[in-house]
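Below is one structure, written out as C-alpha cells; comments come after it.
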Amino acid sequence: MLLPIEGALDEYRRTVVRLDTGRVPVEAALGAVLAEAPAARIDLPRFTQSSVDGYALRSVDGMVSRELVGTSAAGDPSGVAVGPGQAVRILTGGMLPEGADAVARQEIVDRDGSHVRLREAVTERTAIRYAGEELAAGTAIAQIGQRVTSGLIAALAMAGIDSVLIRRRPRIAVLVTGDEVLRAGVSLGPGQIYDANGPLLRSWFIEQGYGAPSVVYVPDDEQALTDAMRQALDVADLVVTSGGVSVGDRDFVPAVAESLGVRKVFWKVAQKPGKPLWFGMRGATALLGMPGNPAAVLVCLAVHARAILGHMEGVTQALPAWRGGVLAAAVDADPERDRLVRMRLDDTDGVARLEVLPKQDSHMLSNLASAHALVWLPSRETSFSAGERVRWLTL
Ligand SMILES: Nc1nc2c(c(=O)[nH]1)N[C@H]1C(S)=C(S)[C@@H](COP(=O)(O)OP(=O)(O)OC[C@H]3O[C@@H](n4cnc5c(N)ncnc54)[C@H](O)[C@@H]3O)O[C@H]1N2
Ligand code: MOO
C-alpha cells in the first residue's frame with residue numbers, strides 16, 4: 001500500500017520531535033526559528049526628532065524673522081527650548097527641542113547670520129518623527145515559529161534586543177550507499193557510475209542554511225551499513241540515507257534501521273519519483289531513507305526533508321510552502337502516484353506559468369540546469385490541461 005503525500009506530511013506532524021531551545025546573540029540567530037516572541041525594549045523612535053536638515057520652530061509664530069538659539073544634531077541635543085520668535089538649527093535625527101512643534105527644511109528658509117525667515121508657511125507636526133509612533137516598548141516584533149532573516153535581525157537590534165530564544169539547528173548526517181557509486185574525477189570501471197546524491201544532499205542542506213552535513217559513503221554490505229548508521233543515529237537529529245531502500249537483494253536500509261531500534265513510521269509513498277521512501281523515528285532522531293535514483297532524492301528533499309526539518313525547528317508556517325501557478329501546456333497524469341515534475345517557471349508577466357521540461361525519469365537530472373520549479377500533479381486518470389492551476393515549490 002502506498003501512502004499519499006499528504007499522509008506522509010501528517011505523519012511528520014504527528015511524530016517529529018521539536019529540538020530544544022537556547023538563547024543566542026541576535027546576529028547568531030540568522031536562519032534559526034524563534035522560540036519566543038521578542039518584545040521591543042524601547043519606544044521607536046526613542047525620542048521625538050527631525051526627519052530633515054532645517055530649523056525647529058513654533059508654527060504659531062507664522063512668518064516672522066526668528067532668532068537662532070542653538071543647534072540639535074543627531075546624538076547631540078541642543079539643550080535649549082524654543083521660545084516665541086526663536087528657532088534651533090536641527091539636523092536629521094536630531095532631538096526636537098522643547099517648545100518646537102515643527103521643522104522647516106532648509107530649502108524653504110533664508111538664513112542671515114543668526115536669523116532665519118520662512119519662504120513658505122509651516123504647519124504643526126511638519127517633518128517630525130514622534131517618539132513611539134512606530135511602536136511602543138513592550139510590543140512583540142516577531143512571532144514564535146518565525147525564521148530569522150537579516151531584515152528581522154535589523155528590526156530586533158534597532159529595538160534594543162540583544163539576544164533571542166531559538167530552537168537549536170538540526171544536526172544532519174548523510175549516508176550514501178552503493179558499491180557502484182564513485183566521485184567525479186576518477187575513471188569508472190564496468191557498472192560504475194558517478195555519485196550525484198552525495199553532492200546533491202550536501203549542497204542542498206548548505207543551501208537551506210543548515211551548514212554542511214556529515215557525508216559518509218557506505219558499501220552495499222549489511223555490517224558496514226549497520227556500523228555507519230549506528231554512528232549517524234548517535235550524533236544526528238536527522239539521518240538521511242540514499243539508496244538501498246527498495247526490494248532488491250542488497251537493499252538493507254529498512255532492516256538495518258529497524259535492527260538499530262528505529263521505529264518504522266511508513267514505507268512507500270504514492271509519489272513519482274521517490275516511491276520507496278522509508279521514514280522512522282528513534283527517540284527524537286528521525287531517519288529518512290531515500291531511494292537511490294537522484295530525481296527521487298531531489299523530491300524527497302524538497303517535499304519531505306523540508307517538512308521534517310520545519311517540525312524539528314518549530315516552524316509555524318505549513319511546510320513545504322506550495323505556491324500557485326498555471327500549466328503552460330498539457331502534461332500527463334499518473335493514475336497511481338502523484339507526480340512531482342521539474343518545470344521551467346516564466347513569471348515575467350506576473351503570472352507563474354510552468355513549462356514542463358523533458359527527461360523526467362527518476363534516473364535523470366540533467367534538466368535541473370534549467371528547472372526552477374517542482375510541480376505537484378496529484379494522481380488521476382485524465383491528463384492535466386494547459387491553463388490548469390497547479391501547486392509548485394521553488395527548486
Ligand atoms: N521490483 C521492484 N524494483 C524496484 C521498485 C519496485 O517497486 N519493485 N521500485 C523502483 C523504484 S520506483 C526506485 S526509486 C528504485 C529505488 O531503489 P533503491 O532505493 O533501492 O536504490 P538503489 O537500488 O540503491 O539505486 C537506484 C538507482 O539509483 C542509482 N544510484 C544510487 N545511488 C546513487 C548516487 N549516489 N548517485 C547517482 N545514482 C545513484 C543506482 O545506481 C540505481 O540505478 O528501485 C526501483 N526498483
Ligand atoms: O520512485 Mo522511483 O524514484 O520512481 O523511480
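Following the order of the C-alpha cells, chains are lettered A, B, ..., residues in each are numbered from 1, and ligands are numbered from 1.
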
Distance filter 7 Å around ligand 1, atoms: only C-alpha atoms and all ligand atoms, out as an MDAnalysis selection string: chainID A and resid 176:178 180:181 193:198 242:248 251 273:276 290:294 296 362:363

For the residues selected in the previous step, produce a file with N, CA and C atoms as a CSV table (one decimal), in the first residue's frame.
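Writing done, so here's out35.csv:
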```
chain,number,residue,atom,x,y,z
A,176,VAL,N,25.5,7.8,2.0
A,176,VAL,CA,25.3,7.5,0.6
A,176,VAL,C,25.7,6.0,0.4
A,177,THR,N,24.7,5.2,0.1
A,177,THR,CA,25.0,3.7,0.0
A,177,THR,C,25.2,3.4,-1.5
A,178,GLY,N,25.9,2.3,-1.8
A,178,GLY,CA,26.0,1.8,-3.2
A,178,GLY,C,27.4,1.5,-3.5
A,180,GLU,N,28.4,0.8,-6.5
A,180,GLU,CA,28.6,1.3,-7.8
A,180,GLU,C,29.0,2.8,-7.9
A,181,VAL,N,28.9,3.5,-6.7
A,181,VAL,CA,29.0,5.0,-6.7
A,181,VAL,C,30.4,5.5,-6.5
A,193,ILE,N,29.1,4.2,-11.6
A,193,ILE,CA,28.5,5.5,-12.0
A,193,ILE,C,29.1,6.6,-11.1
A,194,TYR,N,28.9,7.8,-11.6
A,194,TYR,CA,29.3,8.9,-10.7
A,194,TYR,C,28.2,9.3,-9.7
A,195,ASP,N,28.7,9.6,-8.6
A,195,ASP,CA,27.8,10.0,-7.4
A,195,ASP,C,27.1,11.3,-7.7
A,196,ALA,N,25.8,11.3,-7.7
A,196,ALA,CA,25.0,12.6,-7.8
A,196,ALA,C,24.4,12.9,-6.4
A,197,ASN,N,24.1,11.8,-5.7
A,197,ASN,CA,23.3,12.1,-4.4
A,197,ASN,C,24.1,12.7,-3.3
A,198,GLY,N,25.4,12.3,-3.2
A,198,GLY,CA,26.3,12.9,-2.2
A,198,GLY,C,26.3,14.4,-2.4
A,242,SER,N,20.8,7.5,1.2
A,242,SER,CA,20.4,7.4,-0.3
A,242,SER,C,20.7,6.0,-0.7
A,243,GLY,N,19.7,5.4,-1.4
A,243,GLY,CA,19.8,4.1,-2.0
A,243,GLY,C,19.5,2.9,-1.0
A,244,GLY,N,19.4,1.7,-1.6
A,244,GLY,CA,19.2,0.5,-0.7
A,244,GLY,C,17.9,0.5,0.1
A,245,VAL,N,16.9,1.1,-0.5
A,245,VAL,CA,15.6,1.2,0.3
A,245,VAL,C,14.5,0.5,-0.4
A,246,SER,N,14.8,-0.2,-1.5
A,246,SER,CA,13.7,-0.8,-2.3
A,246,SER,C,13.7,-2.3,-1.9
A,247,VAL,N,13.4,-3.2,-2.9
A,247,VAL,CA,13.1,-4.6,-2.5
A,247,VAL,C,14.2,-5.5,-3.1
A,248,GLY,N,15.4,-4.9,-3.5
A,248,GLY,CA,16.4,-5.7,-4.1
A,248,GLY,C,17.2,-6.5,-3.0
A,251,ASP,N,19.3,-4.2,-0.7
A,251,ASP,CA,18.6,-3.1,-0.1
A,251,ASP,C,18.4,-3.3,1.4
A,273,PRO,N,8.9,10.8,-8.9
A,273,PRO,CA,9.7,9.8,-8.3
A,273,PRO,C,9.7,9.8,-6.8
A,274,GLY,N,10.3,8.7,-6.2
A,274,GLY,CA,10.5,8.7,-4.8
A,274,GLY,C,9.7,7.7,-4.1
A,275,LYS,N,9.1,6.7,-4.8
A,275,LYS,CA,8.1,5.8,-4.2
A,275,LYS,C,8.6,5.0,-2.9
A,276,PRO,N,9.9,4.4,-3.0
A,276,PRO,CA,10.2,3.6,-1.8
A,276,PRO,C,10.7,4.3,-0.6
A,290,MET,N,16.0,7.6,1.6
A,290,MET,CA,15.6,8.0,0.3
A,290,MET,C,16.0,7.0,-0.7
A,291,PRO,N,15.3,6.8,-1.8
A,291,PRO,CA,15.7,5.9,-2.9
A,291,PRO,C,17.0,6.4,-3.5
A,292,GLY,N,17.7,5.5,-4.3
A,292,GLY,CA,19.0,5.9,-4.9
A,292,GLY,C,18.8,6.7,-6.1
A,293,ASN,N,17.7,6.6,-6.8
A,293,ASN,CA,17.6,7.4,-8.0
A,293,ASN,C,17.7,8.9,-7.7
A,294,PRO,N,18.6,9.6,-8.4
A,294,PRO,CA,18.8,11.0,-8.0
A,294,PRO,C,17.6,11.9,-8.0
A,296,ALA,N,14.6,11.1,-7.3
A,296,ALA,CA,13.8,10.7,-6.1
A,296,ALA,C,14.4,11.5,-4.9
A,362,SER,N,13.3,9.0,-13.1
A,362,SER,CA,13.9,9.0,-11.8
A,362,SER,C,15.4,9.0,-11.9
A,363,HIS,N,16.0,8.5,-12.9
A,363,HIS,CA,17.5,8.4,-13.0
A,363,HIS,C,18.1,9.6,-13.7
```

Every residue of range 78-318 of chain A that DSSP places in strand (DSSP E), as a PyMOL selection string: chain A and resi 86-90+102-105+109-112+115-118+128-129+163-167+172-177+181-182+193-194+214-218+238-242+263-267+271-272+278-282+285-290

Kindly save the residues from that selection, with C-alpha atoms included, as a PDB file, in the first residue's frame.
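Result file part_3.pdb:
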```pdb
ATOM      1  CA  GLN A  86      13.104  81.699  18.190  1.00  0.00           C
ATOM      2  CA  ALA A  87      14.375  78.683  16.215  1.00  0.00           C
ATOM      3  CA  VAL A  88      17.007  75.967  16.657  1.00  0.00           C
ATOM      4  CA  ARG A  89      19.206  74.710  13.836  1.00  0.00           C
ATOM      5  CA  ILE A  90      18.378  70.966  13.617  1.00  0.00           C
ATOM      6  CA  ALA A 102       7.500  71.806  13.507  1.00  0.00           C
ATOM      7  CA  VAL A 103      10.688  71.722  11.460  1.00  0.00           C
ATOM      8  CA  ALA A 104      11.203  73.829   8.324  1.00  0.00           C
ATOM      9  CA  ARG A 105      13.531  72.086   5.860  1.00  0.00           C
ATOM     10  CA  VAL A 109      14.378  79.028   4.754  1.00  0.00           C
ATOM     11  CA  ASP A 110      16.501  82.170   4.189  1.00  0.00           C
ATOM     12  CA  ARG A 111      19.249  82.497   6.753  1.00  0.00           C
ATOM     13  CA  ASP A 112      21.005  85.692   7.618  1.00  0.00           C
ATOM     14  CA  HIS A 115      18.321  84.880  11.996  1.00  0.00           C
ATOM     15  CA  VAL A 116      16.073  82.797   9.753  1.00  0.00           C
ATOM     16  CA  ARG A 117      12.938  83.663   7.796  1.00  0.00           C
ATOM     17  CA  LEU A 118      10.499  81.207   6.181  1.00  0.00           C
ATOM     18  CA  ILE A 128       8.783  65.444  12.837  1.00  0.00           C
ATOM     19  CA  ARG A 129       9.155  61.767  13.770  1.00  0.00           C
ATOM     20  CA  SER A 163      19.582  38.051  22.446  1.00  0.00           C
ATOM     21  CA  VAL A 164      16.726  35.758  21.390  1.00  0.00           C
ATOM     22  CA  LEU A 165      15.454  32.303  22.322  1.00  0.00           C
ATOM     23  CA  ILE A 166      15.660  29.992  19.311  1.00  0.00           C
ATOM     24  CA  ARG A 167      15.418  26.289  18.589  1.00  0.00           C
ATOM     25  CA  ILE A 172      22.244  16.216   9.863  1.00  0.00           C
ATOM     26  CA  ALA A 173      24.098  13.052   8.855  1.00  0.00           C
ATOM     27  CA  VAL A 174      24.027  11.660   5.319  1.00  0.00           C
ATOM     28  CA  LEU A 175      24.836   8.065   4.345  1.00  0.00           C
ATOM     29  CA  VAL A 176      25.345   7.470   0.620  1.00  0.00           C
ATOM     30  CA  THR A 177      25.030   3.745  -0.038  1.00  0.00           C
ATOM     31  CA  VAL A 181      28.971   4.954  -6.740  1.00  0.00           C
ATOM     32  CA  LEU A 182      32.232   6.851  -7.346  1.00  0.00           C
ATOM     33  CA  ILE A 193      28.528   5.477 -12.014  1.00  0.00           C
ATOM     34  CA  TYR A 194      29.349   8.929 -10.741  1.00  0.00           C
ATOM     35  CA  SER A 214      28.500  14.861   7.571  1.00  0.00           C
ATOM     36  CA  VAL A 215      28.503  12.647   4.451  1.00  0.00           C
ATOM     37  CA  VAL A 216      29.677   9.037   4.722  1.00  0.00           C
ATOM     38  CA  TYR A 217      29.924   6.580   1.805  1.00  0.00           C
ATOM     39  CA  VAL A 218      28.823   3.071   2.669  1.00  0.00           C
ATOM     40  CA  LEU A 238      18.082  13.752  11.101  1.00  0.00           C
ATOM     41  CA  VAL A 239      19.790  10.858   9.319  1.00  0.00           C
ATOM     42  CA  VAL A 240      19.276  10.735   5.562  1.00  0.00           C
ATOM     43  CA  THR A 241      20.287   7.703   3.524  1.00  0.00           C
ATOM     44  CA  SER A 242      20.386   7.380  -0.254  1.00  0.00           C
ATOM     45  CA  ARG A 263      10.587   2.534  14.659  1.00  0.00           C
ATOM     46  CA  LYS A 264       9.151   2.407  11.165  1.00  0.00           C
ATOM     47  CA  VAL A 265       6.501   5.097  10.638  1.00  0.00           C
ATOM     48  CA  PHE A 266       5.911   4.394   6.945  1.00  0.00           C
ATOM     49  CA  TRP A 267       7.473   2.847   3.859  1.00  0.00           C
ATOM     50  CA  GLN A 271       4.767   9.746  -5.494  1.00  0.00           C
ATOM     51  CA  LYS A 272       6.789   9.611  -8.662  1.00  0.00           C
ATOM     52  CA  TRP A 278      11.185   4.981   4.234  1.00  0.00           C
ATOM     53  CA  PHE A 279      10.659   7.028   7.403  1.00  0.00           C
ATOM     54  CA  GLY A 280      11.217   6.136  11.035  1.00  0.00           C
ATOM     55  CA  MET A 281      11.980   7.611  14.455  1.00  0.00           C
ATOM     56  CA  ARG A 282      14.334   6.532  17.232  1.00  0.00           C
ATOM     57  CA  THR A 285      16.071  11.243  15.924  1.00  0.00           C
ATOM     58  CA  ALA A 286      14.423  10.932  12.513  1.00  0.00           C
ATOM     59  CA  LEU A 287      15.644   8.630   9.749  1.00  0.00           C
ATOM     60  CA  LEU A 288      14.625   9.317   6.176  1.00  0.00           C
ATOM     61  CA  GLY A 289      15.609   6.514   3.806  1.00  0.00           C
ATOM     62  CA  MET A 290      15.597   7.982   0.292  1.00  0.00           C
TER      63      MET A 290
END
```

Nearby residues (only C-alpha atoms) at most 7 Å from range 74-76 of chain A, same-chain spacing under 4 positions excluded, as a list in words: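 So the residues in contact are Leu91, Thr92, Gly93, Gly94 and Met95 of chain A.
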
Kindly export the residues of the current selection with C-alpha atoms, as a PDB file, in the first residue's frame.
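Listed below is the output, out_36.pdb:
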```pdb
ATOM      1  CA  LEU A  91      19.882  68.092  11.620  1.00  0.00           C
ATOM      2  CA  THR A  92      18.175  64.863  10.510  1.00  0.00           C
ATOM      3  CA  GLY A  93      17.733  62.594  13.546  1.00  0.00           C
ATOM      4  CA  GLY A  94      18.409  65.481  15.970  1.00  0.00           C
ATOM      5  CA  MET A  95      16.175  65.612  19.079  1.00  0.00           C
TER       6      MET A  95
END
```

Best match for closeness to ligand 2 among A:Ala373, A:Val269, A:Leu345, A:Leu393, counting only C-alpha atoms and all ligand atoms: A:Val269

Who sits within 10 Å of Asp227 in chain A, only C-alpha atoms, same chain under 4 positions skipped, as a list in words: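 Listed by chain and then number, they are Val218, Glu222, Gln223, Gln231, Ala232, Val256 and Leu260 of chain A.
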
Could you dump the residues just selected with C-alpha atoms as a tab-separated table (two decimals), in the first residue's frame?
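That gives us part_17.tsv:
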```tsv
chain	number	residue	atom	x	y	z
A	218	VAL	CA	28.82	3.07	2.67
A	222	GLU	CA	24.85	-5.13	5.91
A	223	GLN	CA	27.54	-4.90	8.58
A	231	GLN	CA	27.16	6.18	14.46
A	232	ALA	CA	24.95	8.53	12.47
A	256	VAL	CA	19.24	-2.29	9.39
A	260	LEU	CA	19.09	-0.43	15.42
```

Residue among A:Asp334, A:Asp220, A:Leu277, A:Glu124 lying closest to Phe252 in chain A, counting only C-alpha atoms: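 Closest residue, counting only C-alpha atoms: A:Asp220.
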
Which residues of range 261-371 of chain A come within 7 Å of range 16-30 of chain A, and for each one, what is the closest pair of atoms and their distance in Å to one decimal, counting only C-alpha atoms, sorted by chain and residue number, as CSV?
```
residue,atom,partner,partner_atom,distance
A:Ala284,CA,A:Val17,CA,5.4
A:Ile308,CA,A:Val16,CA,6.7
A:His311,CA,A:Val16,CA,6.3
A:Met312,CA,A:Arg18,CA,4.2
A:Glu313,CA,A:Arg18,CA,6.0
A:Gly314,CA,A:Arg18,CA,6.1
```

Could those selected residues go to a file with C-alpha atoms, as an mmCIF file, in the first residue's frame?
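Wrote part29.cif, looks like this:
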```cif
data_model
loop_
_atom_site.group_PDB
_atom_site.id
_atom_site.type_symbol
_atom_site.label_atom_id
_atom_site.label_comp_id
_atom_site.auth_asym_id
_atom_site.auth_seq_id
_atom_site.Cartn_x
_atom_site.Cartn_y
_atom_site.Cartn_z
ATOM 1 C CA ALA A 284 13.959 12.287 18.925
ATOM 2 C CA ILE A 308 10.618 17.211 8.813
ATOM 3 C CA HIS A 311 8.721 20.455 12.525
ATOM 4 C CA MET A 312 12.038 19.915 14.339
ATOM 5 C CA GLU A 313 12.633 23.644 14.344
ATOM 6 C CA GLY A 314 9.075 24.541 15.335
#
```

Of the listed residues A:Met364, A:Val326, A:Leu200, A:Leu44, that which approaches Ala157 in chain A most closely, counting only C-alpha atoms: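 Nearest candidate to Ala157 in chain A out of A:Met364, A:Val326, A:Leu200, A:Leu44: A:Leu44.
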
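Note that DSSP on the backbone gives helix (DSSP H, G or I) to these residues of range 143-227 of chain A: Ser150, Gly151, Leu152, Ile153, Ala154, Ala155, Leu156, Ala157, Met158, Asn197, Gly198, Pro199, Leu200, Leu201, Arg202, Ser203, Trp204, Phe205, Ile206, Glu207, Glu222, Gln223, Ala224, Leu225, Thr226 and Asp227 of chain A.
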
Pairwise distance for CA of Gln317 in chain A and CA of Arg14 in chain A, rounded to one decimal in Å: 15.6 Å

Which residue of A:Val297, A:Ala321, A:Leu96, A:Val235 approaches ligand 2 most closely, using only C-alpha atoms and all ligand atoms: A:Val297
